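J.: My structure is stored as target.cif, with mmCIF, C-alpha atoms.
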data_protein
#
loop_
_atom_site.label_atom_id
_atom_site.label_comp_id
_atom_site.auth_asym_id
_atom_site.auth_seq_id
_atom_site.Cartn_x
_atom_site.Cartn_y
_atom_site.Cartn_z
CA LEU T 1 0.00 0.00 0.00
CA ILE T 2 1.44 3.35 -1.05
CA ILE T 3 0.06 6.19 1.06
CA GLY T 4 0.44 9.50 -0.76
CA SER T 5 0.37 7.80 -4.16
CA LYS T 6 -0.54 10.90 -6.16
CA GLY T 7 2.28 13.10 -4.89
CA PHE T 8 5.63 13.48 -6.64
CA LEU T 9 7.30 10.51 -4.92
CA GLY T 10 4.14 8.41 -4.80
CA ARG T 11 3.39 8.61 -8.52
CA HIS T 12 6.88 7.46 -9.47
CA LEU T 13 6.93 4.71 -6.84
CA SER T 14 3.56 3.37 -7.90
CA LYS T 15 4.60 3.15 -11.54
CA SER T 16 7.99 1.63 -10.69
CA LEU T 17 6.63 -1.06 -8.36
CA LYS T 18 3.76 -2.00 -10.68
CA ASN T 19 6.30 -2.47 -13.47
CA LYS T 20 8.07 -4.97 -11.20
CA ILE T 21 4.83 -6.98 -10.90
CA HIS T 22 4.09 -6.05 -7.30
CA ASN T 23 0.45 -5.96 -6.22
CA VAL T 24 0.17 -2.25 -5.41
CA TYR T 25 -2.72 -0.49 -3.68
CA GLU T 26 -2.91 3.29 -3.57
CA LEU T 27 -4.24 5.73 -1.00
CA SER T 28 -4.23 9.42 -1.84
CA ARG T 29 -6.29 12.53 -1.31
CA LEU T 30 -8.41 11.36 -4.28
CA ASN T 31 -9.74 8.26 -2.50
CA GLY T 32 -9.17 8.93 1.19
CA ASP T 33 -7.42 10.87 3.93
CA TYR T 34 -4.73 9.14 5.97
CA THR T 35 -5.45 11.44 8.90
CA LYS T 36 -8.76 9.53 9.15
CA LYS T 37 -8.28 6.01 10.53
CA ASN T 38 -11.03 4.47 8.42
CA SER T 39 -9.26 5.47 5.20
CA ILE T 40 -6.41 3.09 6.02
CA ASN T 41 -8.39 0.40 7.87
CA LYS T 42 -10.40 -0.49 4.75
CA TYR T 43 -7.30 -2.16 3.29
CA LYS T 44 -6.85 -5.81 4.25
CA ASN T 45 -3.92 -8.25 4.07
CA ILE T 46 -1.28 -5.60 3.42
CA ASP T 47 2.30 -6.86 3.78
CA LEU T 48 4.01 -3.48 3.43
CA ILE T 49 3.06 0.17 3.69
CA ILE T 50 5.20 2.82 2.01
CA CYS T 51 4.22 6.18 3.47
CA VAL T 52 5.18 9.20 1.37
CA ALA T 53 2.16 11.25 2.45
CA GLY T 54 2.03 14.55 4.30
CA ILE T 55 1.74 18.26 3.86
CA VAL T 56 4.95 19.56 2.31
CA GLY T 57 6.36 23.08 2.14
CA VAL T 58 8.47 25.21 4.42
CA SER T 59 7.09 28.68 3.67
CA GLU T 60 3.45 27.62 4.08
CA SER T 61 4.24 25.89 7.37
CA TRP T 62 5.03 29.29 8.92
CA LYS T 63 1.49 30.43 8.06
CA TYR T 64 -0.28 27.26 9.17
CA PRO T 65 1.88 25.54 11.82
CA HIS T 66 -1.05 23.88 13.58
CA THR T 67 -2.28 22.31 10.33
CA TYR T 68 1.17 20.96 9.46
CA LEU T 69 1.82 19.56 12.91
CA GLU T 70 -1.63 18.04 13.30
CA LYS T 71 -1.96 16.50 9.83
CA ASN T 72 1.56 15.07 9.54
CA TYR T 73 1.65 13.73 13.09
CA ILE T 74 -1.88 12.28 13.19
CA GLY T 75 -1.46 10.76 9.73
CA THR T 76 1.74 9.02 10.84
CA LEU T 77 0.07 7.84 14.05
CA ASN T 78 -2.80 6.28 12.07
CA VAL T 79 -0.34 4.47 9.80
CA LEU T 80 1.59 3.14 12.80
CA GLU T 81 -1.59 1.96 14.50
CA TYR T 82 -2.54 0.02 11.38
CA CYS T 83 0.92 -1.55 11.31
CA ARG T 84 0.74 -2.41 15.02
CA ILE T 85 -2.64 -4.10 14.76
CA ASN T 86 -1.96 -5.91 11.48
CA LYS T 87 1.77 -6.60 12.00
CA THR T 88 2.56 -4.79 8.75
CA LYS T 89 6.03 -3.63 7.74
CA LEU T 90 6.45 0.13 7.22
CA ILE T 91 8.80 2.16 5.07
CA PHE T 92 8.37 5.72 6.33
CA VAL T 93 9.76 8.47 4.12
CA SER T 94 10.76 11.27 6.45
CA SER T 95 12.76 14.37 5.51
CA TYR T 96 16.12 16.08 5.93
CA LEU T 97 16.34 16.88 9.65
CA TYR T 98 19.96 17.77 10.33
CA GLY T 99 20.28 21.53 9.91
CA ASN T 100 23.54 22.91 8.50
CA SER T 101 26.45 20.57 8.03
CA LYS T 102 29.88 21.23 6.52
CA LEU T 103 30.69 17.52 6.65
CA LYS T 104 28.77 14.57 5.27
CA THR T 105 25.80 13.84 7.52
CA THR T 106 25.41 10.39 9.06
CA GLU T 107 22.29 8.89 10.61
CA LYS T 108 23.82 9.53 14.06
CA ASN T 109 23.86 13.31 13.65
CA ARG T 110 21.63 15.26 16.03
CA LEU T 111 18.17 16.01 14.66
CA TYR T 112 17.47 19.68 14.15
CA PHE T 113 14.51 21.72 12.94
CA THR T 114 14.31 25.26 11.60
CA ASN T 115 10.62 25.57 10.70
CA PRO T 116 7.20 24.04 11.56
CA TYR T 117 7.37 21.60 8.64
CA ASP T 118 10.67 20.17 9.89
CA LEU T 119 9.21 19.97 13.39
CA SER T 120 6.22 17.97 12.14
CA LYS T 121 8.55 15.49 10.41
CA LYS T 122 10.79 15.26 13.47
CA PHE T 123 7.78 14.37 15.64
CA SER T 124 6.69 11.76 13.07
CA ASP T 125 10.22 10.36 12.84
CA ASN T 126 10.39 10.05 16.65
CA LEU T 127 6.96 8.43 16.73
CA CYS T 128 8.11 5.73 14.32
CA SER T 129 11.14 5.00 16.52
CA ALA T 130 8.92 4.80 19.61
CA TYR T 131 6.46 2.39 17.99
CA ASN T 132 9.29 0.11 16.99
CA LYS T 133 10.62 0.03 20.56
CA LEU T 134 7.21 -0.36 22.20
CA PHE T 135 5.48 -2.71 19.77
CA ASP T 136 8.32 -4.30 17.78
CA ILE T 137 6.96 -3.09 14.44
CA ASN T 138 9.26 -3.61 11.45
CA ILE T 139 10.05 -0.01 10.43
CA ILE T 140 12.52 1.61 8.04
CA ILE T 141 12.88 5.39 8.24
CA LEU T 142 14.29 7.17 5.20
CA ARG T 143 15.65 10.67 5.76
CA THR T 144 15.62 11.99 2.23
CA PHE T 145 17.77 14.84 1.00
CA ASN T 146 16.74 16.52 -2.29
CA ILE T 147 14.98 14.12 -4.65
CA TYR T 148 14.18 15.53 -8.09
CA GLY T 149 12.64 14.37 -11.35
CA PRO T 150 9.67 14.74 -13.72
CA GLY T 151 6.46 16.12 -12.26
CA GLN T 152 7.97 17.99 -9.32
CA LYS T 153 6.28 21.28 -8.41
CA LYS T 154 7.83 24.53 -9.60
CA ASN T 155 8.47 25.81 -6.07
CA PHE T 156 11.43 23.40 -5.89
CA LEU T 157 14.75 24.71 -7.18
CA ILE T 158 15.36 22.59 -10.27
CA PRO T 159 11.88 22.89 -11.85
CA PHE T 160 11.87 26.57 -10.82
CA ILE T 161 15.08 27.23 -12.76
CA ILE T 162 13.90 25.22 -15.78
CA ASP T 163 10.67 27.20 -15.87
CA LYS T 164 12.55 30.54 -15.78
CA ILE T 165 14.94 29.42 -18.54
CA LYS T 166 12.12 28.31 -20.83
CA LYS T 167 10.25 31.58 -20.25
CA ARG T 168 13.48 33.52 -20.92
CA LYS T 169 13.26 35.26 -17.56
CA LYS T 170 16.07 36.06 -15.15
CA ILE T 171 16.85 33.39 -12.59
CA GLU T 172 16.63 34.75 -9.03
CA LEU T 173 18.39 32.58 -6.47
CA ASN T 174 18.22 33.16 -2.72
CA SER T 175 21.88 32.27 -2.54
CA PHE T 176 24.47 31.34 -5.15
CA TYR T 177 26.51 29.17 -2.83
CA SER T 178 23.97 27.29 -0.70
CA LYS T 179 24.61 23.60 -1.35
CA ARG T 180 22.22 20.66 -1.62
CA ASP T 181 22.58 16.92 -2.13
CA TYR T 182 20.44 15.86 -5.14
CA LEU T 183 19.17 12.37 -5.98
CA TYR T 184 17.29 11.47 -9.17
CA ILE T 185 13.88 9.86 -8.65
CA ASP T 186 14.77 6.62 -10.50
CA ASP T 187 17.57 5.91 -8.03
CA PHE T 188 15.13 6.46 -5.16
CA CYS T 189 12.61 4.02 -6.65
CA GLU T 190 15.34 1.42 -7.09
CA LEU T 191 16.25 1.78 -3.42
CA ILE T 192 12.63 1.21 -2.37
CA SER T 193 12.58 -2.00 -4.43
CA LEU T 194 15.59 -3.27 -2.51
CA LEU T 195 14.07 -2.32 0.86
CA ILE T 196 10.92 -4.36 0.22
CA ASN T 197 12.82 -7.54 1.06
CA TYR T 198 15.12 -6.01 3.68
CA GLU T 199 14.71 -8.09 6.82
CA LYS T 200 16.18 -6.12 9.73
CA ASN T 201 13.58 -5.02 12.26
CA PHE T 202 14.48 -1.34 12.44
CA GLN T 203 16.78 0.93 10.47
CA ILE T 204 17.26 4.59 9.66
CA PHE T 205 18.92 5.49 6.37
CA ASN T 206 20.03 8.78 4.86
CA VAL T 207 18.95 8.90 1.23
CA GLY T 208 20.93 11.12 -1.12
CA SER T 209 23.63 10.98 -3.77
CA GLY T 210 26.56 11.62 -1.44
CA LYS T 211 27.47 14.67 -3.53
CA SER T 212 26.54 18.29 -2.93
CA TYR T 213 26.14 21.13 -5.45
CA THR T 214 25.65 24.89 -5.16
CA ASN T 215 22.53 26.60 -6.47
CA LEU T 216 24.72 28.43 -8.95
CA THR T 217 26.16 25.16 -10.28
CA ILE T 218 22.64 23.80 -10.81
CA ALA T 219 21.59 26.95 -12.70
CA LYS T 220 24.72 27.01 -14.88
CA THR T 221 24.44 23.29 -15.67
CA LEU T 222 20.82 23.69 -16.78
CA LEU T 223 21.66 26.76 -18.87
CA SER T 224 24.46 24.82 -20.54
CA LEU T 225 22.26 21.79 -21.28
CA LEU T 226 19.53 24.00 -22.75
CA LYS T 227 22.06 26.22 -24.55
CA LYS T 228 20.57 29.38 -23.04
CA ASN T 229 22.10 32.41 -21.36
CA ASN T 230 19.49 33.75 -18.93
CA TYR T 231 20.75 36.30 -16.40
CA ILE T 232 21.30 34.86 -12.91
CA VAL T 233 20.66 37.11 -9.90
CA GLU T 234 21.45 36.49 -6.23
CA LYS T 235 18.82 37.88 -3.86
CA LYS T 236 21.03 37.21 -0.82
CA ASN T 237 18.14 36.14 1.36
CA LYS T 238 19.46 36.29 4.91
CA ASN T 239 16.53 34.18 6.10
CA SER T 240 17.86 31.10 4.32
CA GLU T 241 18.60 28.90 7.32
CA ILE T 242 20.17 25.87 5.66
CA TYR T 243 23.30 26.64 3.65
CA SER T 244 24.65 23.12 3.16
CA THR T 245 23.35 19.54 3.04
CA HIS T 246 25.51 16.53 2.19
CA ALA T 247 24.50 12.91 2.77
CA ASN T 248 26.77 10.18 4.04
CA ILE T 249 25.25 7.12 2.34
CA SER T 250 27.83 4.57 3.50
CA LYS T 251 25.23 2.78 5.65
CA LEU T 252 23.02 2.15 2.61
CA LYS T 253 26.00 0.92 0.64
CA LYS T 254 26.95 -1.48 3.43
CA GLU T 255 23.47 -2.81 4.21
CA LEU T 256 21.97 -3.00 0.70
CA ASN T 257 24.88 -2.60 -1.68
CA TRP T 258 23.01 0.40 -3.10
CA GLU T 259 24.43 3.56 -4.55
CA PRO T 260 23.07 6.05 -7.10
CA LYS T 261 23.58 5.21 -10.76
CA ILE T 262 22.48 8.55 -12.20
CA SER T 263 24.86 11.53 -11.95
CA LEU T 264 23.53 15.06 -11.61
CA LYS T 265 24.26 15.91 -15.26
CA LYS T 266 22.68 12.67 -16.48
CA GLY T 267 19.63 13.19 -14.27
CA LEU T 268 19.12 16.76 -15.46
CA THR T 269 19.53 15.62 -19.08
CA LYS T 270 16.89 12.89 -18.58
CA LEU T 271 14.57 15.42 -16.95
CA LEU T 272 14.88 17.91 -19.81
CA LYS T 273 14.10 15.26 -22.41
CA LEU T 274 10.78 14.32 -20.78
#
Just give me the structure of the file as C-alpha cells.
T.:
Amino acid sequence: LIIGSKGFLGRHLSKSLKNKIHNVYELSRLNGDYTKKNSINKYKNIDLIICVAGIVGVSESWKYPHTYLEKNYIGTLNVLEYCRINKTKLIFVSSYLYGNSKLKTTEKNRLYFTNPYDLSKKFSDNLCSAYNKLFDINIIILRTFNIYGPGQKKNFLIPFIIDKIKKRKKIELNSFYSKRDYLYIDDFCELISLLINYEKNFQIFNVGSGKSYTNLTIAKTLLSLLKKNNYIVEKKNKNSEIYSTHANISKLKKELNWEPKISLKKGLTKLLKL
C-alpha cells in the first residue's frame, strides 16, 4: 500500500513497483485521507506500507503551523496503528532533519529543525522509533535529502530554474553558494525495491547521492544543457537557514549494496528530455 500515491514521490513509486509486478494499492487525497483512521483500515492483508504522504512546504508551514503539525503527526500515528494491529512492515519516508552541516551527515547526527514543517517530520520520525521500541513493528525510516525528477512542483529549485529558462526570464536565487545533495527519482525508486525484502527489524537510512552542489552550479548546468544564457541574480536572502546539506550514504552501501547510478548531469539531461 502506497500512502500518498498521487504526490511526486508516490506517482513514481507506484509506476515503478507495478512495473516490477508487485500488487500495489494506492491511497491518496483522491480516495481517502490518511489522517482519518477508516481510510487506512479499509485495506486488508497488506504486507508493506510505504508512506510518502504529508503536507509539504516550508514557507506555508510558517502560516499554518497547527495544520502541518496536526496532519503530519496524526497521519503518521494512524499508519503506525494500522501496522501495530496488522503486523505490517512500514517504510516511512521522512525528511532532511539535520540543519547545516559542513561535513557529510550520518544517521547519528543530532536532529534539528528550523521551521514548523521540519518539526512535524521530526515528531513523526520520533513516533516511528517509539512504535518500533514499544510494539516491535518492522520499520525503516528514510531521511531523504533533495529528490528531483519529472512532475515535481515549480516551487522546488530545479523545476523553478527550468521554468525561468524556458520563459526567458532572469533566474533569481536566494543564494548562489547554498549547497544541496540531489538524488534522481529513479535511483530512489530502485532503493525502495531493494528495501521491500530487507529483513532487519528497524533501520534509519540517509537517502541522497553523497554529492553536494551549489545553487549556482545547478543553474549554470541547466543553462548549458539548454544552450541558453538567462541572467542569474542572487537575492542574498538572509533568512535562508540551511546553507549546506551533504548525505553520508555509507550505511546504505553497506546494508543493501546500493548507490546512485544517475549523476547530476545525467539526471538533469533525462529530466529535460521528458
J.: Given the file shown, determine the residues that the PyMOL selection byres ((chain T and resi 212) around 10) selects; report them as a tab-separated table (two decimals) with C-alpha atoms, in the coordinates of the input.
T.:
chain	number	residue	atom	x	y	z
T	104	LYS	CA	28.77	14.57	5.27
T	146	ASN	CA	16.74	16.52	-2.29
T	178	SER	CA	23.97	27.29	-0.70
T	179	LYS	CA	24.61	23.60	-1.35
T	180	ARG	CA	22.22	20.66	-1.62
T	181	ASP	CA	22.58	16.92	-2.13
T	182	TYR	CA	20.44	15.86	-5.14
T	183	LEU	CA	19.17	12.37	-5.98
T	208	GLY	CA	20.93	11.12	-1.12
T	209	SER	CA	23.63	10.98	-3.77
T	210	GLY	CA	26.56	11.62	-1.44
T	211	LYS	CA	27.47	14.67	-3.53
T	213	TYR	CA	26.14	21.13	-5.45
T	214	THR	CA	25.65	24.89	-5.16
T	215	ASN	CA	22.53	26.60	-6.47
T	244	SER	CA	24.65	23.12	3.16
T	245	THR	CA	23.35	19.54	3.04
T	246	HIS	CA	25.51	16.53	2.19
T	247	ALA	CA	24.50	12.91	2.77
T	264	LEU	CA	23.53	15.06	-11.61
J.: Atom CA of Lys265 of chain T and atom CA of Lys236 of chain T, how far apart in Å?
T.: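 Taking atom CA of Lys236 of chain T and atom CA of Lys265 of chain T, their separation equals 25.9 Å.
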J.: Please write the residues picked by the PyMOL selection byres ((chain T and resi 43) around 10) on this file as a list in words.
T.: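 Those residues are Leu1, Tyr25, Glu26, Leu27, Asn38, Ser39, Ile40, Asn41, Lys42, Lys44, Asn45, Ile46 and Tyr82 of chain T.
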J.: Care to translate the PyMOL selection byres ((chain T and resi 231) around 8) into actual residues of this file, as number ranges by chain?
T.: T: 169-171, 229-230, 232-233
J.: Of the candidates T:Ile165, T:Leu103, T:Ala130, T:Leu195, which shows the shortest atom-to-atom distance to Ile91 of chain T, using all atoms listed in the file?
T.: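 Looking only at the distances to Ile91 of chain T, the closest residue turns out to be T:Leu195.
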J.: Identify which of the residues T:Ile185, T:Ile262, T:Leu173, T:Leu127 lies closest to Glu234 of chain T, counting all atoms listed in the file when measuring atom-to-atom distances.
T.: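 Among the listed residues, the smallest separation from Glu234 of chain T belongs to T:Leu173.
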J.: Take atom CA of Thr76 of chain T and atom CA of Gly151 of chain T and report the distance between them in Å, one decimal.
T.: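 We find that atom CA of Thr76 of chain T and atom CA of Gly151 of chain T lie 24.6 Å from each other.
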J.: Measure the distance from atom CA of Gly99 of chain T to atom CA of Phe113 of chain T in Å and round it to one decimal.
T.: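 So the answer is 6.5 Å.
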J.: Of the residues T:Trp258, T:Phe188, T:Phe160, T:Tyr198, which is the one nearest to Ala219 of chain T, using all atoms listed in the file?
T.: T:Phe160
J.: With distances taken over only C-alpha atoms, which residue among T:Asn155, T:Asn115, T:Asn132, T:Ser28 lies nearest Lys63 of chain T?
T.: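 Ranking T:Asn155, T:Asn115, T:Asn132, T:Ser28 by distance to Lys63 of chain T, first place goes to T:Asn115.
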J.: Could you give me, as an MDAnalysis selection string, the residues that sit within 12 Å of (6.5, 1.8, 2.9) in the file's coordinates, counting all atoms listed in the file?
T.: chainID T and resid 1:5 9:10 13:14 17 24:26 46:53 76 79:80 83 88:94 138:142 189 191:198
J.: Pull the neighbourhood of (19.7, 8.6, 3.3) for me: all residues within 7 Å in file coordinates, counting only C-alpha atoms, as number ranges by chain.
T.: T: 142-145, 205-208, 247, 249
J.: Assuming the input is short of atoms at segment 136-149 of chain T, produce N, CA and C atoms for that part as a CSV table (one decimal), in the coordinates of the input.
T.:
chain,number,residue,atom,x,y,z
T,136,ASP,N,7.5,-3.4,18.6
T,136,ASP,CA,8.3,-4.3,17.8
T,136,ASP,C,7.8,-4.3,16.3
T,137,ILE,N,7.4,-3.2,15.8
T,137,ILE,CA,7.0,-3.1,14.4
T,137,ILE,C,8.2,-3.0,13.6
T,138,ASN,N,8.2,-3.7,12.4
T,138,ASN,CA,9.3,-3.6,11.4
T,138,ASN,C,9.2,-2.3,10.7
T,139,ILE,N,10.1,-1.4,11.0
T,139,ILE,CA,10.0,0.0,10.4
T,139,ILE,C,11.4,0.4,9.8
T,140,ILE,N,11.3,1.0,8.7
T,140,ILE,CA,12.5,1.6,8.0
T,140,ILE,C,12.2,3.1,7.8
T,141,ILE,N,13.0,3.9,8.4
T,141,ILE,CA,12.9,5.4,8.2
T,141,ILE,C,13.9,5.9,7.2
T,142,LEU,N,13.4,6.6,6.2
T,142,LEU,CA,14.3,7.2,5.2
T,142,LEU,C,14.3,8.7,5.3
T,143,ARG,N,15.5,9.2,5.7
T,143,ARG,CA,15.6,10.7,5.8
T,143,ARG,C,16.2,11.2,4.4
T,144,THR,N,15.3,11.6,3.6
T,144,THR,CA,15.6,12.0,2.2
T,144,THR,C,16.2,13.4,2.2
T,145,PHE,N,17.2,13.5,1.3
T,145,PHE,CA,17.8,14.8,1.0
T,145,PHE,C,17.0,15.5,-0.1
T,146,ASN,N,17.5,15.9,-1.2
T,146,ASN,CA,16.7,16.5,-2.3
T,146,ASN,C,16.5,15.6,-3.5
T,147,ILE,N,15.3,15.0,-3.5
T,147,ILE,CA,15.0,14.1,-4.6
T,147,ILE,C,14.3,15.0,-5.7
T,148,TYR,N,14.7,14.8,-7.0
T,148,TYR,CA,14.2,15.5,-8.1
T,148,TYR,C,13.8,14.6,-9.3
T,149,GLY,N,13.0,15.1,-10.2
T,149,GLY,CA,12.6,14.4,-11.4
T,149,GLY,C,11.4,14.9,-12.0
